>>> print(open('target-v5.txt').read())   # compact mmCIF, C-alpha atoms and all ligand atoms
# COMPACT_ATOMS: atom_id res chain seq x y z
CA MET A 1 0.68 11.50 -18.95
CA LYS A 2 1.53 13.95 -16.16
CA LEU A 3 -1.13 13.60 -13.48
CA LEU A 4 0.36 14.49 -10.17
CA THR A 5 1.85 17.83 -9.40
CA LYS A 6 3.91 16.89 -6.39
CA ASN A 7 3.79 14.39 -3.58
CA LEU A 8 2.01 11.14 -2.88
CA LEU A 9 1.70 10.88 0.90
CA SER A 10 -1.82 9.44 1.00
CA ILE A 11 -4.28 8.01 -1.54
CA ASN A 12 -6.71 10.61 -0.27
CA GLU A 13 -4.72 13.31 -2.09
CA LEU A 14 -5.61 11.79 -5.48
CA THR A 15 -8.78 12.60 -7.37
CA THR A 16 -10.90 9.68 -8.56
CA ASN A 17 -9.77 10.44 -12.08
CA GLU A 18 -6.07 10.46 -11.15
CA LEU A 19 -6.48 7.15 -9.34
CA LEU A 20 -8.26 5.54 -12.31
CA GLN A 21 -5.66 6.88 -14.73
CA LEU A 22 -2.81 5.54 -12.60
CA ILE A 23 -4.43 2.09 -12.54
CA GLU A 24 -4.93 2.18 -16.32
CA LEU A 25 -1.32 3.25 -16.85
CA GLY A 26 -0.01 0.51 -14.55
CA MET A 27 -2.00 -2.09 -16.51
CA LYS A 28 -0.75 -0.70 -19.82
CA LEU A 29 2.89 -0.80 -18.69
CA LYS A 30 2.40 -4.41 -17.60
CA ARG A 31 0.78 -5.40 -20.88
CA TYR A 32 3.31 -3.59 -23.08
CA PRO A 33 6.69 -3.70 -21.29
CA GLU A 34 8.41 -2.37 -24.43
CA LEU A 35 6.61 0.93 -23.78
CA CYS A 36 9.00 1.56 -20.88
CA LYS A 37 12.05 1.38 -23.14
CA ASN A 38 10.55 3.93 -25.50
CA LEU A 39 9.22 6.19 -22.80
CA CYS A 40 12.50 6.66 -20.93
CA GLY A 41 10.51 9.24 -18.96
CA LEU A 42 13.01 9.24 -16.13
CA LYS A 43 16.22 9.46 -18.15
CA ASN A 44 18.96 10.94 -15.95
CA LYS A 45 16.55 11.34 -13.04
CA THR A 46 17.63 10.15 -9.61
CA MET A 47 15.53 8.99 -6.67
CA ALA A 48 16.69 8.87 -3.06
CA MET A 49 15.03 6.02 -1.15
CA ILE A 50 15.10 6.39 2.63
CA PHE A 51 14.24 3.30 4.66
CA GLN A 52 13.79 3.70 8.41
CA LYS A 53 12.27 0.18 8.40
CA PRO A 54 13.10 -2.97 6.42
CA SER A 55 11.55 -3.60 3.00
CA THR A 56 11.68 -6.23 0.28
CA ARG A 57 8.95 -5.35 -2.25
CA THR A 58 8.90 -1.56 -1.95
CA ARG A 59 12.64 -1.21 -2.20
CA ILE A 60 13.14 -3.62 -5.10
CA SER A 61 10.13 -2.45 -7.11
CA PHE A 62 11.07 1.24 -6.82
CA GLU A 63 14.71 0.59 -7.65
CA LEU A 64 13.77 -1.49 -10.70
CA ALA A 65 11.11 1.00 -11.75
CA MET A 66 13.73 3.78 -11.87
CA LEU A 67 16.19 1.55 -13.73
CA GLN A 68 13.62 0.39 -16.29
CA LEU A 69 12.56 3.98 -16.97
CA GLY A 70 16.12 5.15 -17.59
CA GLY A 71 16.76 6.65 -14.15
CA HIS A 72 18.69 5.68 -11.05
CA ALA A 73 17.83 5.03 -7.40
CA ILE A 74 20.02 5.48 -4.32
CA ASN A 75 19.11 3.27 -1.39
CA LEU A 76 19.66 4.92 2.00
CA SER A 77 18.95 3.15 5.24
CA GLN A 78 18.55 5.28 8.35
CA GLN A 79 22.12 4.31 9.36
CA ASP A 80 23.52 5.57 6.04
CA LEU A 81 22.30 9.07 6.79
CA GLN A 82 23.30 11.73 9.30
CA LEU A 83 19.61 11.50 10.27
CA SER A 84 20.67 8.62 12.53
CA LEU A 85 23.07 10.95 14.36
CA GLY A 86 20.54 13.71 14.85
CA GLU A 87 20.46 15.76 11.64
CA SER A 88 16.90 17.02 11.30
CA ILE A 89 14.38 15.78 8.75
CA GLU A 90 14.03 19.38 7.54
CA ASP A 91 17.76 19.68 6.77
CA THR A 92 17.82 16.18 5.26
CA ALA A 93 14.96 17.14 2.93
CA LYS A 94 16.67 20.36 1.87
CA THR A 95 19.96 18.57 1.27
CA LEU A 96 18.45 15.75 -0.77
CA SER A 97 16.48 18.29 -2.82
CA VAL A 98 19.67 19.83 -4.21
CA TYR A 99 20.88 16.44 -5.46
CA VAL A 100 17.96 14.24 -6.48
CA ASP A 101 14.73 14.58 -8.46
CA VAL A 102 12.41 12.58 -6.20
CA ILE A 103 12.45 11.19 -2.67
CA MET A 104 10.71 8.01 -1.55
CA ALA A 105 10.70 7.34 2.18
CA ARG A 106 9.53 4.64 4.58
CA VAL A 107 9.11 6.15 8.02
CA TYR A 108 7.55 5.57 11.43
CA GLU A 109 5.28 8.51 12.31
CA HIS A 110 3.29 9.86 9.36
CA LYS A 111 4.21 13.41 10.40
CA GLN A 112 7.85 12.57 9.52
CA ILE A 113 6.97 12.11 5.86
CA GLU A 114 4.87 15.28 5.96
CA LEU A 115 7.85 17.14 7.38
CA LEU A 116 10.05 15.70 4.64
CA ALA A 117 7.56 16.78 1.97
CA ASN A 118 7.06 20.25 3.46
CA ASN A 119 10.81 20.89 3.39
CA SER A 120 11.60 19.32 0.04
CA SER A 121 11.52 21.07 -3.31
CA VAL A 122 11.23 17.74 -5.14
CA PRO A 123 8.31 15.26 -5.03
CA VAL A 124 8.06 12.99 -2.00
CA ILE A 125 6.45 9.53 -2.13
CA ASN A 126 5.29 7.69 0.98
CA GLY A 127 6.78 4.19 0.86
CA LEU A 128 4.87 3.35 4.10
CA SER A 129 4.30 5.22 7.31
CA ASN A 130 2.67 3.87 10.48
CA THR A 131 -0.58 5.36 9.18
CA PHE A 132 -0.64 4.88 5.39
CA HIS A 133 0.78 2.73 2.59
CA PRO A 134 -0.56 4.39 -0.58
CA CYS A 135 1.76 2.65 -3.08
CA GLN A 136 0.57 -0.74 -1.83
CA ILE A 137 -3.05 0.17 -2.43
CA LEU A 138 -2.34 1.49 -5.93
CA ALA A 139 -0.97 -1.98 -6.78
CA ASP A 140 -3.82 -3.72 -4.96
CA LEU A 141 -6.52 -1.80 -6.82
CA MET A 142 -4.74 -2.55 -10.09
CA THR A 143 -4.66 -6.26 -9.12
CA ILE A 144 -8.37 -6.26 -8.29
CA LYS A 145 -9.21 -4.55 -11.60
CA GLU A 146 -7.03 -7.04 -13.47
CA GLN A 147 -8.71 -10.00 -11.77
CA LYS A 148 -12.30 -8.79 -11.69
CA GLY A 149 -12.30 -6.72 -14.87
CA ASP A 150 -14.38 -4.05 -13.24
CA LEU A 151 -14.17 -2.09 -10.02
CA ASN A 152 -17.88 -1.33 -9.97
CA HIS A 153 -20.32 -3.42 -7.94
CA ILE A 154 -17.70 -5.30 -5.94
CA LYS A 155 -17.38 -5.59 -2.18
CA ILE A 156 -14.08 -5.83 -0.33
CA ALA A 157 -13.86 -7.48 3.09
CA TRP A 158 -10.91 -6.60 5.32
CA ILE A 159 -10.36 -9.14 8.11
CA GLY A 160 -7.87 -8.54 10.95
CA ASP A 161 -5.78 -5.61 12.04
CA CYS A 162 -6.75 -2.20 10.64
CA THR A 163 -3.23 -1.33 9.58
CA ASN A 164 -1.65 1.39 7.45
CA VAL A 165 -2.60 -0.77 4.43
CA CYS A 166 -6.23 -0.90 5.59
CA ASN A 167 -6.33 2.89 6.07
CA SER A 168 -5.12 3.46 2.52
CA LEU A 169 -7.54 0.84 1.21
CA ILE A 170 -10.49 2.62 2.83
CA TYR A 171 -9.48 5.88 1.14
CA GLY A 172 -8.88 4.09 -2.19
CA CYS A 173 -12.32 2.44 -2.02
CA SER A 174 -13.98 5.73 -1.09
CA LYS A 175 -12.48 7.32 -4.23
CA LEU A 176 -13.75 4.49 -6.44
CA GLY A 177 -17.16 3.83 -4.85
CA ILE A 178 -16.23 0.33 -3.62
CA ASN A 179 -18.21 -0.78 -0.56
CA MET A 180 -16.36 -2.46 2.29
CA SER A 181 -16.83 -4.56 5.39
CA ILE A 182 -14.22 -4.69 8.13
CA ALA A 183 -13.84 -7.32 10.87
CA SER A 184 -11.45 -6.56 13.69
CA PRO A 185 -11.35 -7.31 17.43
CA LEU A 186 -12.91 -4.90 19.92
CA GLY A 187 -10.32 -2.28 20.74
CA TYR A 188 -8.68 -2.62 17.30
CA GLU A 189 -11.38 -0.91 15.23
CA PRO A 190 -10.52 1.14 12.13
CA ASN A 191 -9.57 4.81 12.50
CA ILE A 192 -12.81 6.65 13.19
CA ASP A 193 -11.89 9.82 11.28
CA ILE A 194 -11.00 7.87 8.13
CA ILE A 195 -14.26 5.91 8.42
CA LYS A 196 -16.35 9.04 8.95
CA GLU A 197 -14.80 10.78 5.95
CA SER A 198 -15.11 7.72 3.71
CA ARG A 199 -18.70 6.92 4.68
CA LYS A 200 -19.70 10.07 2.78
CA TYR A 201 -18.94 8.09 -0.39
CA ILE A 202 -19.23 4.36 0.38
CA SER A 203 -20.89 1.98 2.79
CA ILE A 204 -18.53 0.48 5.38
CA GLU A 205 -19.85 -2.24 7.65
CA ILE A 206 -17.80 -2.77 10.79
CA GLY A 207 -17.96 -5.70 13.22
CA ASP A 208 -15.97 -8.19 15.22
CA ASN A 209 -17.36 -11.29 13.52
CA PRO A 210 -15.26 -12.33 10.48
CA SER A 211 -17.96 -14.76 9.23
CA ASN A 212 -20.52 -11.95 9.01
CA MET A 213 -18.14 -9.42 7.49
CA ILE A 214 -16.80 -11.77 4.78
CA ASP A 215 -20.33 -12.60 3.59
CA GLN A 216 -20.83 -11.65 -0.10
CA ALA A 217 -17.27 -10.34 -0.45
CA ASP A 218 -15.67 -10.46 -3.90
CA VAL A 219 -12.26 -9.60 -2.50
CA VAL A 220 -10.84 -10.65 0.88
CA MET A 221 -7.82 -8.85 2.28
CA THR A 222 -5.70 -8.88 5.38
CA ASP A 223 -2.30 -7.86 6.78
CA THR A 224 -0.10 -8.96 9.64
CA PHE A 225 -1.42 -8.56 13.20
CA VAL A 226 2.01 -7.28 14.18
CA SER A 227 3.13 -4.40 11.97
CA ILE A 228 6.75 -3.30 12.25
CA HIS A 229 5.85 -0.43 14.59
CA ASN A 230 3.83 -2.78 16.84
CA ILE A 231 6.55 -5.33 17.37
CA ASN A 232 6.64 -4.74 21.14
CA GLN A 233 2.93 -5.69 21.37
CA GLN A 234 3.45 -9.02 19.59
CA ASN A 235 2.19 -11.34 22.36
CA GLU A 236 -0.91 -9.36 23.32
CA ARG A 237 -1.87 -8.92 19.68
CA ILE A 238 -1.54 -12.60 18.85
CA GLN A 239 -3.73 -13.45 21.83
CA LYS A 240 -6.32 -10.86 20.83
CA PHE A 241 -6.52 -11.86 17.14
CA LEU A 242 -6.10 -15.63 17.24
CA PRO A 243 -7.75 -17.90 16.40
CA LYS A 244 -10.85 -15.82 15.52
CA PHE A 245 -9.29 -13.53 12.90
CA ARG A 246 -7.16 -16.08 11.06
CA ILE A 247 -8.39 -16.47 7.47
CA ASN A 248 -8.64 -20.18 6.70
CA SER A 249 -10.34 -22.14 3.91
CA SER A 250 -13.62 -22.52 5.76
CA LEU A 251 -13.84 -18.74 6.35
CA MET A 252 -12.97 -18.10 2.67
CA LYS A 253 -15.91 -20.35 1.68
CA LYS A 254 -18.24 -17.80 3.27
CA ALA A 255 -17.15 -15.16 0.73
CA ASN A 256 -18.55 -15.18 -2.81
CA LYS A 257 -17.64 -18.24 -4.87
CA ASN A 258 -15.20 -16.39 -7.12
CA ALA A 259 -13.70 -14.27 -4.36
CA ILE A 260 -9.99 -13.51 -4.56
CA PHE A 261 -7.55 -13.16 -1.67
CA LEU A 262 -4.93 -10.40 -1.36
CA HIS A 263 -2.18 -9.79 1.19
CA CYS A 264 0.39 -7.01 0.87
CA LEU A 265 3.10 -9.35 2.26
CA PRO A 266 5.17 -10.18 4.18
CA ALA A 267 2.67 -12.71 5.58
CA LYS A 268 3.12 -14.41 8.91
CA ARG A 269 2.02 -17.75 7.54
CA GLY A 270 -0.30 -19.60 9.91
CA TYR A 271 -1.14 -16.44 11.87
CA GLU A 272 -3.38 -13.98 9.99
CA VAL A 273 -3.86 -16.49 7.15
CA THR A 274 -3.27 -20.18 6.59
CA ASN A 275 -1.09 -21.67 3.87
CA SER A 276 -4.22 -23.29 2.44
CA VAL A 277 -5.54 -19.81 1.58
CA LEU A 278 -2.24 -18.11 0.72
CA ASP A 279 -1.35 -20.90 -1.72
CA SER A 280 -4.87 -21.50 -3.05
CA THR A 281 -6.14 -20.72 -6.53
CA GLN A 282 -8.13 -17.84 -5.01
CA SER A 283 -4.93 -16.16 -3.85
CA VAL A 284 -3.47 -13.50 -6.16
CA ILE A 285 -0.60 -12.49 -3.87
CA TRP A 286 2.16 -12.98 -6.43
CA SER A 287 0.42 -10.87 -9.09
CA GLU A 288 -0.17 -8.32 -6.34
CA ALA A 289 3.55 -8.28 -5.51
CA GLU A 290 4.48 -8.05 -9.21
CA ASN A 291 2.05 -5.17 -9.71
CA ARG A 292 4.01 -3.10 -7.22
CA LEU A 293 6.63 -2.71 -9.96
CA HIS A 294 4.15 -1.69 -12.67
CA MET A 295 2.41 0.78 -10.38
CA GLN A 296 5.68 2.35 -9.19
CA LYS A 297 6.49 2.99 -12.85
CA ALA A 298 3.04 4.48 -13.47
CA LEU A 299 3.43 6.70 -10.42
CA LEU A 300 6.93 7.89 -11.33
CA LEU A 301 5.91 8.61 -14.93
CA SER A 302 2.90 10.56 -13.75
CA LEU A 303 5.16 12.74 -11.62
CA PHE A 304 7.67 13.50 -14.37
CA ASP A 305 6.47 12.96 -17.89
CA PRO A 306 5.91 16.29 -19.62
N1 LIG B 401 4.17 -4.89 0.97
C1 LIG B 401 5.32 -4.24 1.23
O1 LIG B 401 5.38 -3.02 1.31
O2 LIG B 401 6.39 -5.06 1.36
P1 LIG B 401 7.82 -4.63 1.88
O3 LIG B 401 7.71 -4.31 3.33
O4 LIG B 401 8.67 -5.86 1.63
O5 LIG B 401 8.29 -3.44 1.09
N1 LIG B 402 1.28 -3.23 8.16
C1 LIG B 402 2.58 -3.72 7.79
C2 LIG B 402 2.76 -3.59 6.31
C3 LIG B 402 4.06 -4.12 5.79
C4 LIG B 402 4.19 -3.95 4.30
C5 LIG B 402 3.63 -2.91 8.54
O1 LIG B 402 3.49 -1.70 8.67
O2 LIG B 402 4.59 -3.52 8.99
>>> encode(input="target-v5.txt", output="structure tokens", more="lines below")
Ligand code: CP
Ligand code: NVA
Amino acid sequence: MKLLTKNLLSINELTTNELLQLIELGMKLKRYPELCKNLCGLKNKTMAMIFQKPSTRTRISFELAMLQLGGHAINLSQQDLQLSLGESIEDTAKTLSVYVDVIMARVYEHKQIELLANNSSVPVINGLSNTFHPCQILADLMTIKEQKGDLNHIKIAWIGDCTNVCNSLIYGCSKLGINMSIASPLGYEPNIDIIKESRKYISIEIGDNPSNMIDQADVVMTDTFVSIHNINQQNERIQKFLPKFRINSSLMKKANKNAIFLHCLPAKRGYEVTNSVLDSTQSVIWSEAENRLHMQKALLLSLFDP
């Protein structure tokens, strides 16, 4: 069962095989919940969860994952730690390493989680940085596999802001050979280095016309236009993205007939997506949210199980 040797800071660190095995394990844990009781792979293990930003799904799913696997999680907001009064990330990492078995952290700059990992002797999991959200994409790929049955020969369209979730999705797709199209406003294009690297493995069409980019998509995805770290650009972003990049029912009709809709949540209902799409039969957002729990368990087991 053990797949990963240490950290998960970005999907790009996983091999295709590791990614596929994680998805399979997540699906198995969902299908056979009693497996978790027998596995107890994390008995007496403790995870420190550091949140420099708010979280609903990541926090609850990791805490429950530890509990259901026989371990324990300690939730630490920035204010709970001496980090808020100036203790360095390096010293925080070294201190936590002498107490806990794994650290999960949600941070601002991606280099903060790298610093944490470089100074920790226990595994570090990225629970979202400004640049990447690998755990979200593990759950999303599991959701797509569950819904479509197969990850081959599908196309994913990303419409809207090229966020941390989008960056991780591009890497995930490049590992699995899933072609993509991305529609975002001029000036908000996807990260060029990630695109260049990923285009070695998949085709990625990029444009600023959502109707063109959604054409023939089997999966349609988006995220907020105003990520937590962009909150001070709220007004300019809303003006730039709306109304053109809002996913509504008529835009969804331009995707393939059986296309599904995913959103990592939280959604700003009526902004990046309408209620008519979020609450439609094409939307799989609640399975996607549930799958966070199954994938966190798969990830934790793959770090620890002998
Ligand atoms: N999708 C996601 O990571 O949600 P939270 O911010 O609630 O953890
Ligand atoms: N892009 C969003 C994702 C939230 C889960 C953010 O960083 O705020």
>>> closest_residue(input="target-v5.txt", among="A:Gln79, A:Ser184, A:Ser84, A:Ser129", to="ligand LIG 402 (chain B)", atoms="only C-alpha atoms and all ligand atoms")
A:Ser129
>>> residues_near_ligand(input="target-v5.txt", ligand="ligand LIG 402 (chain B)", cutoff="9 Å", atoms="only C-alpha atoms and all ligand atoms", output="ChimeraX atom specification")
/A:53-58,108,128-133,136,161-166,223-231,264-267
>>> residues_around(input="target-v5.txt", residues="Val219 of chain A", least_positions_apart="3", cutoff="9 Å", atoms="only C-alpha atoms", output="ChimeraX atom specification")
/A:144,154-158,214,255-256,258-262
>>> residues_around(input="target-v5.txt", residues="Trp286 of chain A", least_positions_apart="2", cutoff="12 Å", atoms="only C-alpha atoms", output="list in words")
Arg57, Ala139, Asp140, Thr143, Phe261, Leu262, His263, Cys264, Leu265, Pro266, Leu278, Asp279, Ser280, Thr281, Gln282, Ser283, Val284, Glu288, Ala289, Glu290, Asn291, Arg292 and Leu293 of chain A
>>> closest_residue(input="target-v5.txt", among="A:Lys254, A:Ile137, A:Ile125, A:Ile238", to="Lys268 of chain A", atoms="all atoms listed in the file")
A:Ile238
>>> atom_distance(input="target-v5.txt", atom1="atom CA of Asp208 of chain A", atom2="atom CA of Lys253 of chain A")
18.2 Å
>>> residues_around(input="target-v5.txt", residues="Glu63 of chain A", least_positions_apart="6", cutoff="12 Å", atoms="only C-alpha atoms", output="list in words")
Thr46, Met47, Ala48, Met49, Ile50, Ser55, Thr56, Arg57, Leu69, Gly70, Gly71, His72, Ala73, Ile74, Asn75, Leu76, Ile103, Met104, Arg292, Leu293, His294, Gln296, Lys297 and Leu300 of chain A
>>> closest_residue(input="target-v5.txt", among="A:Val107, A:Leu14, A:Val124, A:Ile23", to="ligand LIG 401 (chain B)", atoms="all atoms listed in the file")
A:Val107
>>> closest_residue(input="target-v5.txt", among="A:Leu35, A:Leu301, A:Ile113, A:Ile170", to="Phe51 of chain A", atoms="only C-alpha atoms")
A:Ile113
>>> closest_residue(input="target-v5.txt", among="A:Thr222, A:Asn248, A:Asn232, A:Asn275", to="ligand LIG 401 (chain B)", atoms="all atoms listed in the file")
A:Thr222
>>> atom_distance(input="target-v5.txt", atom1="atom CA of Gln112 of chain A", atom2="atom CA of Ile182 of chain A")
28.1 Å
>>> atom_distance(input="target-v5.txt", atom1="atom CA of Leu64 of chain A", atom2="atom CA of Gln21 of chain A")
21.5 Å
>>> axis_aligned_box(input="target-v5.txt", around="segment 126-130 of chain A", padding_each_side="8 Å", output="JSON")
{"center_x": 4.7, "center_y": 5.5, "center_z": 5.7, "size_x": 20.1, "size_y": 20.3, "size_z": 25.6}
>>> closest_residue(input="target-v5.txt", among="A:Ser198, A:Gln147, A:Gln239, A:Ser249", to="Leu169 of chain A", atoms="all atoms listed in the file")
A:Ser198
